[in-house]
$ cat data24.cif   # mmCIF, C-alpha atoms and all ligand atoms
data_my_file
#
loop_
_atom_site.label_atom_id
_atom_site.label_comp_id
_atom_site.auth_asym_id
_atom_site.auth_seq_id
_atom_site.Cartn_x
_atom_site.Cartn_y
_atom_site.Cartn_z
CA MET A 1 0.00 0.00 0.00
CA ILE A 2 1.42 3.35 -1.03
CA VAL A 3 1.17 6.07 1.63
CA THR A 4 2.79 9.47 2.08
CA THR A 5 5.99 9.96 4.04
CA LYS A 6 3.99 12.33 6.28
CA GLN A 7 1.76 9.44 7.38
CA LEU A 8 4.82 7.33 8.20
CA PHE A 9 6.55 10.17 10.03
CA ALA A 10 3.54 10.82 12.27
CA HIS A 11 3.93 7.34 13.78
CA ALA A 12 7.74 7.31 13.87
CA TYR A 13 8.52 10.77 15.26
CA GLY A 14 10.83 10.68 18.29
CA LYS A 15 10.78 6.87 18.46
CA TYR A 16 12.41 5.44 15.34
CA ALA A 17 13.40 6.39 11.78
CA ILE A 18 12.07 5.03 8.50
CA GLY A 19 14.63 3.59 6.08
CA ALA A 20 14.68 5.38 2.72
CA TYR A 21 16.26 3.07 0.17
CA ASN A 22 17.13 3.88 -3.46
CA ILE A 23 16.23 1.43 -6.18
CA ASN A 24 17.33 1.11 -9.81
CA ASN A 25 16.23 -2.33 -10.96
CA LEU A 26 14.12 -5.44 -10.50
CA GLU A 27 16.49 -7.33 -8.20
CA GLN A 28 16.79 -4.40 -5.79
CA THR A 29 13.01 -3.99 -5.80
CA MET A 30 12.41 -7.66 -4.92
CA GLY A 31 15.09 -7.65 -2.22
CA LEU A 32 13.73 -4.40 -0.81
CA PHE A 33 10.16 -5.65 -0.42
CA ARG A 34 11.27 -9.01 0.95
CA GLY A 35 13.65 -7.46 3.48
CA ASN A 36 11.04 -5.03 4.75
CA LEU A 37 8.40 -7.72 5.10
CA ASP A 38 10.87 -10.13 6.74
CA SER A 39 11.58 -7.44 9.33
CA GLN A 40 7.95 -6.16 9.40
CA ALA A 41 8.94 -2.57 8.66
CA PRO A 42 7.29 0.34 6.85
CA PHE A 43 9.72 1.90 4.36
CA ILE A 44 10.36 4.57 1.74
CA ILE A 45 11.34 3.76 -1.84
CA GLN A 46 13.57 6.47 -3.25
CA ILE A 47 13.94 7.09 -6.96
CA SER A 48 16.66 9.49 -8.05
CA LYS A 49 16.79 11.41 -11.31
CA GLY A 50 19.56 9.04 -12.42
CA ALA A 51 17.42 6.00 -11.57
CA ARG A 52 14.50 7.44 -13.58
CA SER A 53 16.67 7.77 -16.66
CA TYR A 54 18.65 4.50 -16.22
CA THR A 55 16.15 2.77 -18.52
CA HIS A 56 12.86 4.65 -18.68
CA LYS A 57 11.08 6.47 -15.88
CA LEU A 58 7.98 4.28 -16.33
CA MET A 59 9.94 1.04 -15.80
CA LEU A 60 10.53 1.61 -12.07
CA GLU A 61 6.94 2.76 -11.69
CA GLY A 62 5.77 -0.50 -13.29
CA LEU A 63 8.05 -2.55 -11.02
CA ILE A 64 6.73 -0.86 -7.91
CA ARG A 65 3.08 -1.25 -8.94
CA SER A 66 3.72 -4.96 -9.50
CA ALA A 67 5.58 -5.32 -6.20
CA ASP A 68 2.61 -3.72 -4.45
CA GLU A 69 0.46 -6.55 -5.84
CA VAL A 70 2.98 -9.30 -5.16
CA PHE A 71 3.50 -8.08 -1.56
CA PRO A 72 0.05 -6.78 -0.51
CA ASN A 73 1.09 -6.40 3.14
CA ALA A 74 3.84 -3.87 2.44
CA ILE A 75 3.33 -0.24 3.53
CA PHE A 76 5.61 2.25 1.81
CA ALA A 77 5.97 5.73 0.34
CA VAL A 78 7.27 6.41 -3.17
CA HIS A 79 9.63 9.36 -3.06
CA LEU A 80 11.63 11.36 -5.61
CA ASP A 81 15.19 11.70 -4.26
CA HIS A 82 17.11 14.97 -4.88
CA GLY A 83 14.70 16.40 -7.43
CA ASP A 84 15.18 19.61 -9.37
CA GLU A 85 12.11 21.78 -9.96
CA GLU A 86 11.27 20.31 -13.36
CA THR A 87 11.56 16.69 -12.18
CA CYS A 88 9.41 17.47 -9.13
CA TYR A 89 6.61 18.75 -11.38
CA ASP A 90 6.92 15.68 -13.60
CA CYS A 91 6.57 13.37 -10.59
CA ILE A 92 3.71 15.42 -9.12
CA GLU A 93 1.83 15.25 -12.41
CA SER A 94 2.49 11.51 -12.81
CA GLY A 95 0.07 10.77 -9.97
CA PHE A 96 2.34 7.95 -8.82
CA TYR A 97 4.76 9.51 -6.35
CA SER A 98 3.43 10.21 -2.85
CA SER A 99 6.36 12.41 -1.91
CA VAL A 100 9.00 14.52 -3.67
CA MET A 101 12.25 16.08 -2.58
CA ILE A 102 13.13 19.46 -3.99
CA ASP A 103 16.85 19.96 -3.57
CA ALA A 104 17.71 23.61 -4.11
CA SER A 105 20.26 23.56 -1.29
CA HIS A 106 23.02 24.73 -3.63
CA GLU A 107 21.13 28.02 -4.19
CA ASP A 108 21.24 31.03 -1.86
CA PHE A 109 18.66 31.07 0.96
CA GLU A 110 16.11 33.31 -0.81
CA THR A 111 16.26 31.32 -4.08
CA ASN A 112 16.00 28.01 -2.20
CA VAL A 113 12.90 29.37 -0.40
CA ALA A 114 11.31 30.60 -3.64
CA ILE A 115 11.86 27.34 -5.55
CA THR A 116 10.76 25.18 -2.62
CA ARG A 117 7.65 27.31 -2.08
CA ARG A 118 6.59 26.82 -5.73
CA VAL A 119 7.05 23.04 -5.53
CA VAL A 120 5.17 22.88 -2.20
CA GLU A 121 2.19 24.70 -3.74
CA ALA A 122 2.07 22.38 -6.74
CA ALA A 123 2.53 19.23 -4.63
CA HIS A 124 0.06 20.09 -1.87
CA ALA A 125 -2.61 20.85 -4.47
CA LYS A 126 -2.41 17.14 -5.35
CA GLY A 127 -2.00 15.75 -1.81
CA ILE A 128 1.71 15.06 -2.29
CA VAL A 129 4.20 15.95 0.43
CA VAL A 130 7.54 17.71 0.04
CA GLU A 131 10.99 17.24 1.54
CA ALA A 132 13.33 20.21 1.13
CA GLU A 133 17.00 20.69 1.99
CA LEU A 134 18.90 23.42 3.76
CA GLY A 135 22.67 23.41 4.31
CA GLN A 136 25.21 21.50 2.29
CA LEU A 137 26.23 17.91 2.68
CA GLY A 138 29.71 16.98 1.63
CA GLY A 139 33.03 15.88 2.92
CA VAL A 140 34.05 18.04 5.84
CA GLU A 141 37.77 17.42 5.90
CA GLU A 142 39.67 17.22 9.18
CA HIS A 143 41.92 20.13 8.26
CA VAL A 144 38.92 22.43 7.68
CA LYS A 145 38.56 25.03 10.46
CA VAL A 146 35.47 24.75 12.71
CA ASP A 147 33.99 28.01 11.33
CA GLU A 148 34.32 26.86 7.74
CA ALA A 149 32.85 23.43 8.52
CA ASN A 150 29.92 24.95 10.44
CA ALA A 151 29.13 27.23 7.50
CA LYS A 152 28.16 24.18 5.45
CA LEU A 153 26.01 22.66 8.17
CA THR A 154 22.34 23.60 8.53
CA ASP A 155 21.93 26.76 10.58
CA PRO A 156 19.20 26.06 13.20
CA ASP A 157 17.74 29.61 13.10
CA GLN A 158 17.62 29.54 9.31
CA ALA A 159 15.97 26.11 9.42
CA LYS A 160 13.03 27.44 11.43
CA LYS A 161 12.64 30.41 9.10
CA PHE A 162 12.92 28.17 6.02
CA VAL A 163 10.17 25.81 7.18
CA GLU A 164 7.85 28.73 8.01
CA LEU A 165 8.45 30.44 4.67
CA THR A 166 8.17 27.36 2.46
CA GLY A 167 5.54 25.17 4.14
CA CYS A 168 7.62 22.06 3.37
CA ASP A 169 6.66 18.85 5.19
CA SER A 170 10.12 17.65 6.20
CA LEU A 171 13.63 19.05 6.10
CA ALA A 172 16.91 17.42 5.10
CA CYS A 173 19.63 18.87 7.31
CA ALA A 174 23.39 18.84 6.88
CA ILE A 175 24.78 17.54 10.17
CA GLY A 176 28.14 16.17 9.09
CA THR A 177 27.34 13.38 6.65
CA SER A 178 28.06 13.22 2.93
CA HIS A 179 26.98 11.00 0.05
CA GLY A 180 29.00 8.00 -1.12
CA ALA A 181 31.50 5.60 0.43
CA PHE A 182 34.12 8.10 1.63
CA LYS A 183 32.39 10.18 4.29
CA PHE A 184 34.99 10.72 6.95
CA THR A 185 38.78 10.95 6.75
CA GLY A 186 39.33 10.73 10.49
CA THR A 187 37.44 11.25 13.68
CA GLN A 188 34.55 13.37 12.42
CA GLY A 189 31.03 12.11 12.94
CA LEU A 190 27.43 13.20 13.30
CA ARG A 191 26.87 16.66 14.78
CA PHE A 192 24.23 15.86 17.38
CA ASP A 193 24.74 19.32 18.89
CA VAL A 194 23.50 20.95 15.67
CA LEU A 195 20.64 18.45 15.35
CA ALA A 196 19.49 19.16 18.91
CA GLU A 197 19.45 22.91 18.20
CA ILE A 198 17.35 22.36 15.06
CA GLN A 199 14.87 20.17 16.96
CA LYS A 200 14.62 22.78 19.72
CA ARG A 201 13.47 25.35 17.15
CA LEU A 202 11.26 22.91 15.20
CA PRO A 203 9.73 20.60 17.83
CA GLY A 204 7.69 17.79 16.28
CA PHE A 205 8.85 18.62 12.74
CA PRO A 206 10.27 15.64 10.77
CA LEU A 207 13.97 15.91 9.92
CA VAL A 208 15.83 13.87 7.32
CA MET A 209 19.38 12.56 7.36
CA HIS A 210 20.97 12.01 3.94
CA GLY A 211 24.30 10.30 3.39
CA SER A 212 23.66 7.72 6.10
CA SER A 213 25.31 4.61 4.74
CA SER A 214 27.59 2.87 7.21
CA VAL A 215 30.08 1.49 4.70
CA PRO A 216 30.67 -1.65 6.84
CA GLN A 217 34.38 -2.41 7.00
CA GLU A 218 33.85 -6.17 6.61
CA GLU A 219 31.92 -5.47 3.39
CA VAL A 220 34.74 -3.26 2.07
CA ALA A 221 37.31 -5.93 3.02
CA ARG A 222 35.37 -8.65 1.16
CA ILE A 223 35.03 -6.45 -1.93
CA ASN A 224 38.76 -5.69 -1.90
CA ALA A 225 39.65 -9.36 -1.32
CA ALA A 226 37.61 -10.23 -4.41
CA GLY A 227 39.44 -7.73 -6.62
CA GLY A 228 37.86 -4.40 -5.63
CA LYS A 229 39.80 -1.23 -4.95
CA LEU A 230 37.94 0.72 -2.26
CA LYS A 231 40.63 2.27 -0.08
CA GLY A 232 39.73 4.33 2.98
CA ALA A 233 35.97 3.97 2.61
CA LYS A 234 34.17 4.99 5.83
CA GLY A 235 30.57 5.71 6.84
CA VAL A 236 28.12 6.56 9.61
CA ASP A 237 27.95 4.39 12.75
CA ALA A 238 24.52 2.71 12.49
CA THR A 239 24.25 2.44 16.28
CA GLN A 240 23.77 6.24 16.25
CA PHE A 241 20.53 6.09 14.20
CA ARG A 242 18.33 5.72 17.28
CA ARG A 243 19.84 8.80 18.93
CA ALA A 244 19.21 10.77 15.74
CA ALA A 245 15.60 9.49 15.75
CA GLU A 246 15.09 10.75 19.30
CA LEU A 247 16.24 14.17 18.08
CA GLY A 248 13.57 14.34 15.36
CA VAL A 249 15.12 12.43 12.45
CA THR A 250 12.30 10.37 10.94
CA LYS A 251 13.88 9.44 7.59
CA ILE A 252 17.36 8.02 7.08
CA ASN A 253 18.66 7.73 3.50
CA ILE A 254 20.73 4.70 2.53
CA ASP A 255 21.94 3.96 -0.98
CA THR A 256 25.69 3.37 -0.99
CA ASP A 257 25.52 0.37 1.40
CA GLY A 258 23.12 -1.35 -1.01
CA ARG A 259 25.56 -0.75 -3.84
CA LEU A 260 28.30 -2.34 -1.73
CA VAL A 261 26.13 -5.44 -1.23
CA TRP A 262 25.69 -5.63 -5.01
CA THR A 263 29.43 -5.23 -5.59
CA ARG A 264 30.44 -7.81 -2.96
CA VAL A 265 27.92 -10.41 -4.15
CA HIS A 266 28.87 -10.09 -7.81
CA ARG A 267 32.64 -9.94 -7.28
CA GLU A 268 32.66 -12.97 -4.98
CA TYR A 269 30.24 -14.97 -7.12
CA PHE A 270 32.15 -14.61 -10.36
CA LEU A 271 35.46 -15.28 -8.62
CA GLU A 272 34.03 -18.54 -7.25
CA HIS A 273 32.10 -19.44 -10.43
CA PRO A 274 34.25 -18.35 -13.37
CA GLU A 275 32.43 -20.81 -15.61
CA ASN A 276 29.01 -19.17 -15.05
CA PHE A 277 27.31 -16.94 -17.60
CA ASP A 278 23.69 -17.26 -16.47
CA LEU A 279 22.39 -14.07 -14.88
CA ARG A 280 19.69 -15.73 -12.75
CA PRO A 281 21.72 -17.72 -10.17
CA ILE A 282 23.65 -14.59 -9.20
CA GLY A 283 20.44 -12.52 -9.32
CA LYS A 284 18.91 -14.89 -6.77
CA VAL A 285 21.93 -14.62 -4.47
CA PHE A 286 21.76 -10.83 -4.71
CA MET A 287 18.03 -10.61 -3.94
CA SER A 288 18.48 -12.78 -0.88
CA GLU A 289 21.55 -10.86 0.38
CA TYR A 290 19.83 -7.53 -0.30
CA ALA A 291 16.77 -8.62 1.70
CA LYS A 292 19.05 -9.59 4.63
CA PHE A 293 20.81 -6.24 4.41
CA ILE A 294 17.52 -4.30 4.49
CA ALA A 295 16.20 -6.29 7.46
CA GLN A 296 19.42 -5.61 9.40
CA LYS A 297 19.27 -1.88 8.67
CA ASN A 298 15.69 -1.74 9.91
CA GLU A 299 16.83 -3.20 13.24
CA TYR A 300 19.27 -0.31 13.63
CA LEU A 301 16.64 2.23 12.55
CA GLY A 302 14.05 0.84 14.96
CA SER A 303 11.50 0.50 12.13
CA ALA A 304 11.64 -3.33 12.33
CA GLY A 305 8.48 -4.68 13.90
CA GLN A 306 6.46 -1.47 13.41
CA LEU A 307 4.45 -2.54 10.37
CA GLU A 308 1.28 -3.72 12.12
CA ALA A 309 1.19 -0.71 14.44
CA VAL A 310 1.41 1.58 11.40
CA ARG A 311 -1.36 -0.38 9.67
CA GLN A 312 -3.63 0.08 12.67
CA VAL A 313 -2.97 3.84 12.78
CA LEU A 314 -3.72 4.13 9.05
CA LYS A 315 -6.99 2.27 9.51
CA GLY A 316 -7.92 5.00 11.98
O1 LIG B 1 22.05 10.81 -3.06
C1 LIG B 1 22.09 10.22 -4.11
C2 LIG B 1 21.66 8.80 -4.18
O2 LIG B 1 22.65 7.98 -3.65
C3 LIG B 1 21.26 8.44 -5.57
O3 LIG B 1 22.38 8.36 -6.40
O4 LIG B 1 21.86 9.93 -8.27
O5 LIG B 1 23.54 8.08 -8.54
O6 LIG B 1 21.09 7.56 -8.39
P1 LIG B 1 22.22 8.49 -8.01
P1 LIG B 2 24.55 7.31 1.02
O1 LIG B 2 25.44 7.65 -0.12
O2 LIG B 2 25.24 7.51 2.33
O3 LIG B 2 23.94 5.97 0.92
O4 LIG B 2 23.33 8.38 1.01
C1 LIG B 2 22.22 8.19 0.19
C2 LIG B 2 21.36 9.39 0.11
O5 LIG B 2 21.46 10.33 0.87
C3 LIG B 2 20.31 9.38 -0.93
O6 LIG B 2 19.62 10.59 -0.98
ZN ZN B 3 20.84 12.29 -0.48
#
$ encode --input "data24.cif" --output "structure tokens" --more "lines below"
Ligand code: G3H
Ligand code: 13P
Ligand code: ZN
Amino acid sequence: MIVTTKQLFAHAYGKYAIGAYNINNLEQTMGLFRGNLDSQAPFIIQISKGARSYTHKLMLEGLIRSADEVFPNAIFAVHLDHGDEETCYDCIESGFYSSVMIDASHEDFETNVAITRRVVEAAHAKGIVVEAELGQLGGVEEHVKVDEANAKLTDPDQAKKFVELTGCDSLACAIGTSHGAFKFTGTQGLRFDVLAEIQKRLPGFPLVMHGSSSVPQEEVARINAAGGKLKGAKGVDATQFRRAAELGVTKINIDTDGRLVWTRVHREYFLEHPENFDLRPIGKVFMSEYAKFIAQKNEYLGSAGQLEAVRQVLKG
């Protein structure tokens, strides 16, 4: 059943976070649904602009509609990840997405507000909810001075003003993470102090944490042992997700870790089965490993086991 992220956030706020997982193909979609049902978790499917154009934007839509039929007990939102204004309107008009992200965080404050406001108006007119972003994610290097690093993080006072001016439904905040497999070069980590200040100014308002892959070291080691070259990859400590959830983070975005599962499974499989050229045996291994990965993440997020409670709330 497709719901909005807002409906999921209402149940999760302050207690746990919903996993927001990117998909690009059939095998990920199957693994995603299985993993969430195995762990009895509500979830968010994220589709990026790149994923929409990987084959054709309607292909992922078709896969998700079918998965909804194959797994009738699943409760999930369909969300555009990092949309520009044009892509947001396309998704709003499609009637399929229940949630869009407008990412104008690279613009100055006033322009970000203006663009976000326009998308919010268009989306709300169709019952679709909007995630916006303020601050800039990205590698904060250890040698960067505190002032410079803080300048990229979300400013708590600006966050309050931004939400009031735009009417967005959730806010992605920069609190020290970055996208990809190389997040930290040393001892940096999540800035809970900044997050706490944002929550103080926006009590009860859903916050979003991007760039939340953990880049498990055993996964990186297995990839490298099977011929990969991922040196110095490092991510977010998943045991910190629950603390972030208590501070108002209701959505935690994870993509890179899923890509690492794909890379590990395929590298190891072809090393062990050099004679194989059938795509289905490896596809089956991947779907099963991806489902396990999703179920494990949901344990860290606290969303595991929440499915029936969410269903009851939705029934009213
Ligand atoms: O934040 C970006 C997501 O990991 C999606 O990545 O744009 O390569 O699909 P992508
Ligand atoms: P990761 O690269 O840490 O998985 O972040 C994904 C993300 O934020 C998608 O929007
Ligand atoms: Zn992101």
$ residues_near_point --input "data24.cif" --point "(2.4, 1.1, -4.9)" --cutoff "7 Å" --atoms "all atoms listed in the file" --output "ChimeraX atom specification"
/A:1-2,64-65,68
$ closest_residue --input "data24.cif" --among "A:Lys251, A:Arg259, A:Lys160, A:Lys152" --to "ligand LIG 1 (chain B)" --atoms "all atoms listed in the file"
A:Arg259
$ residues_near_ligand --input "data24.cif" --ligand "ligand ZN 3 (chain B)" --cutoff "10 Å" --atoms "all atoms listed in the file" --output "PyMOL selection string"
chain A and resi 20+22+46+48+81-82+101+103+133+137+172+177-180+208-212+252-255
$ closest_residue --input "data24.cif" --among "A:Gly204, A:Gly83, A:Gly248, A:Pro156" --to "ligand LIG 1 (chain B)" --atoms "only C-alpha atoms and all ligand atoms"
A:Gly83
$ residues_around --input "data24.cif" --residues "Leu32 (chain A)" --least-positions-apart "2" --cutoff "10 Å" --atoms "only C-alpha atoms" --output "list of chain:residue names"
A:Tyr21, A:Asn22, A:Ile23, A:Leu26, A:Glu27, A:Gln28, A:Thr29, A:Met30, A:Arg34, A:Gly35, A:Asn36, A:Leu37, A:Asp38, A:Phe43, A:Ile44, A:Ile45, A:Ala67, A:Gly258, A:Met287, A:Ser288, A:Tyr290, A:Ala291, A:Lys292, A:Phe293, A:Ile294, A:Ala295
$ residues_near_point --input "data24.cif" --point "(13.4, 27.7, -1.6)" --cutoff "10 Å" --atoms "only C-alpha atoms" --output "list in words"
Ile102, Asp103, Ala104, Ser105, Glu107, Asp108, Phe109, Glu110, Thr111, Asn112, Val113, Ala114, Ile115, Thr116, Arg117, Arg118, Val119, Val120, Ala132, Glu133, Leu134, Phe162, Val163, Leu165, Thr166 and Cys168 of chain A
$ atom_distance --input "data24.cif" --atom1 "CA of Thr263 (chain A)" --atom2 "CA of Ile223 (chain A)"
6.8 Å
$ decode --input "data24.cif" --residues "region 203-214 of chain A" --atoms "all heavy atoms" --output "PDB file, in the first residue's frame"
ATOM      1  N   PRO A 203      10.178  21.801  17.113  1.00  0.00           N
ATOM      2  CA  PRO A 203       9.727  20.600  17.825  1.00  0.00           C
ATOM      3  C   PRO A 203       8.608  19.882  17.063  1.00  0.00           C
ATOM      4  O   PRO A 203       7.694  20.531  16.562  1.00  0.00           O
ATOM      5  CB  PRO A 203       9.219  21.150  19.170  1.00  0.00           C
ATOM      6  CG  PRO A 203       8.999  22.612  18.951  1.00  0.00           C
ATOM      7  CD  PRO A 203       9.920  23.048  17.850  1.00  0.00           C
ATOM      8  N   GLY A 204       8.725  18.585  16.948  1.00  0.00           N
ATOM      9  CA  GLY A 204       7.689  17.790  16.277  1.00  0.00           C
ATOM     10  C   GLY A 204       7.794  17.792  14.765  1.00  0.00           C
ATOM     11  O   GLY A 204       7.033  17.090  14.089  1.00  0.00           O
ATOM     12  N   PHE A 205       8.736  18.533  14.202  1.00  0.00           N
ATOM     13  CA  PHE A 205       8.853  18.623  12.741  1.00  0.00           C
ATOM     14  C   PHE A 205       9.833  17.551  12.243  1.00  0.00           C
ATOM     15  O   PHE A 205      10.965  17.448  12.728  1.00  0.00           O
ATOM     16  CB  PHE A 205       9.332  20.018  12.332  1.00  0.00           C
ATOM     17  CG  PHE A 205       9.262  20.246  10.856  1.00  0.00           C
ATOM     18  CD1 PHE A 205       8.059  20.576  10.251  1.00  0.00           C
ATOM     19  CD2 PHE A 205      10.397  20.103  10.065  1.00  0.00           C
ATOM     20  CE1 PHE A 205       7.986  20.757   8.880  1.00  0.00           C
ATOM     21  CE2 PHE A 205      10.331  20.291   8.699  1.00  0.00           C
ATOM     22  CZ  PHE A 205       9.122  20.618   8.104  1.00  0.00           C
ATOM     23  N   PRO A 206       9.416  16.749  11.237  1.00  0.00           N
ATOM     24  CA  PRO A 206      10.272  15.645  10.773  1.00  0.00           C
ATOM     25  C   PRO A 206      11.548  16.115  10.064  1.00  0.00           C
ATOM     26  O   PRO A 206      11.485  16.901   9.117  1.00  0.00           O
ATOM     27  CB  PRO A 206       9.375  14.889   9.782  1.00  0.00           C
ATOM     28  CG  PRO A 206       8.000  15.418   9.972  1.00  0.00           C
ATOM     29  CD  PRO A 206       8.134  16.803  10.520  1.00  0.00           C
ATOM     30  N   LEU A 207      12.669  15.592  10.523  1.00  0.00           N
ATOM     31  CA  LEU A 207      13.966  15.915   9.915  1.00  0.00           C
ATOM     32  C   LEU A 207      14.487  14.685   9.160  1.00  0.00           C
ATOM     33  O   LEU A 207      14.111  13.554   9.470  1.00  0.00           O
ATOM     34  CB  LEU A 207      14.957  16.341  10.995  1.00  0.00           C
ATOM     35  CG  LEU A 207      14.470  17.502  11.891  1.00  0.00           C
ATOM     36  CD1 LEU A 207      15.454  17.759  13.023  1.00  0.00           C
ATOM     37  CD2 LEU A 207      14.238  18.777  11.066  1.00  0.00           C
ATOM     38  N   VAL A 208      15.340  14.953   8.178  1.00  0.00           N
ATOM     39  CA  VAL A 208      15.835  13.874   7.317  1.00  0.00           C
ATOM     40  C   VAL A 208      17.364  13.879   7.332  1.00  0.00           C
ATOM     41  O   VAL A 208      17.993  14.930   7.274  1.00  0.00           O
ATOM     42  CB  VAL A 208      15.323  14.064   5.868  1.00  0.00           C
ATOM     43  CG1 VAL A 208      15.875  12.979   4.950  1.00  0.00           C
ATOM     44  CG2 VAL A 208      13.797  14.075   5.839  1.00  0.00           C
ATOM     45  N   MET A 209      17.923  12.683   7.399  1.00  0.00           N
ATOM     46  CA  MET A 209      19.381  12.560   7.363  1.00  0.00           C
ATOM     47  C   MET A 209      19.796  11.856   6.071  1.00  0.00           C
ATOM     48  O   MET A 209      19.527  10.666   5.886  1.00  0.00           O
ATOM     49  CB  MET A 209      19.832  11.752   8.575  1.00  0.00           C
ATOM     50  CG  MET A 209      21.221  12.080   9.039  1.00  0.00           C
ATOM     51  SD  MET A 209      21.486  11.459  10.710  1.00  0.00           S
ATOM     52  CE  MET A 209      21.997   9.788  10.378  1.00  0.00           C
ATOM     53  N   HIS A 210      20.416  12.599   5.184  1.00  0.00           N
ATOM     54  CA  HIS A 210      20.966  12.008   3.944  1.00  0.00           C
ATOM     55  C   HIS A 210      22.356  11.454   4.252  1.00  0.00           C
ATOM     56  O   HIS A 210      22.902  11.668   5.318  1.00  0.00           O
ATOM     57  CB  HIS A 210      21.070  13.095   2.862  1.00  0.00           C
ATOM     58  CG  HIS A 210      19.762  13.384   2.211  1.00  0.00           C
ATOM     59  ND1 HIS A 210      19.518  13.108   0.894  1.00  0.00           N
ATOM     60  CD2 HIS A 210      18.617  13.912   2.709  1.00  0.00           C
ATOM     61  CE1 HIS A 210      18.281  13.455   0.592  1.00  0.00           C
ATOM     62  NE2 HIS A 210      17.710  13.953   1.678  1.00  0.00           N
ATOM     63  N   GLY A 211      22.908  10.762   3.265  1.00  0.00           N
ATOM     64  CA  GLY A 211      24.295  10.301   3.386  1.00  0.00           C
ATOM     65  C   GLY A 211      24.524   9.424   4.605  1.00  0.00           C
ATOM     66  O   GLY A 211      25.522   9.563   5.300  1.00  0.00           O
ATOM     67  N   SER A 212      23.603   8.474   4.848  1.00  0.00           N
ATOM     68  CA  SER A 212      23.659   7.720   6.105  1.00  0.00           C
ATOM     69  C   SER A 212      24.148   6.284   5.967  1.00  0.00           C
ATOM     70  O   SER A 212      23.951   5.475   6.883  1.00  0.00           O
ATOM     71  CB  SER A 212      22.274   7.741   6.764  1.00  0.00           C
ATOM     72  OG  SER A 212      21.873   9.073   6.989  1.00  0.00           O
ATOM     73  N   SER A 213      24.753   5.954   4.853  1.00  0.00           N
ATOM     74  CA  SER A 213      25.313   4.605   4.736  1.00  0.00           C
ATOM     75  C   SER A 213      26.443   4.405   5.743  1.00  0.00           C
ATOM     76  O   SER A 213      27.160   5.350   6.083  1.00  0.00           O
ATOM     77  CB  SER A 213      25.842   4.365   3.311  1.00  0.00           C
ATOM     78  OG  SER A 213      24.770   4.015   2.458  1.00  0.00           O
ATOM     79  N   SER A 214      26.584   3.165   6.187  1.00  0.00           N
ATOM     80  CA  SER A 214      27.588   2.871   7.214  1.00  0.00           C
ATOM     81  C   SER A 214      28.915   2.389   6.636  1.00  0.00           C
ATOM     82  O   SER A 214      29.920   2.335   7.340  1.00  0.00           O
ATOM     83  CB  SER A 214      27.050   1.806   8.164  1.00  0.00           C
ATOM     84  OG  SER A 214      25.876   2.280   8.758  1.00  0.00           O
TER      85      SER A 214
END
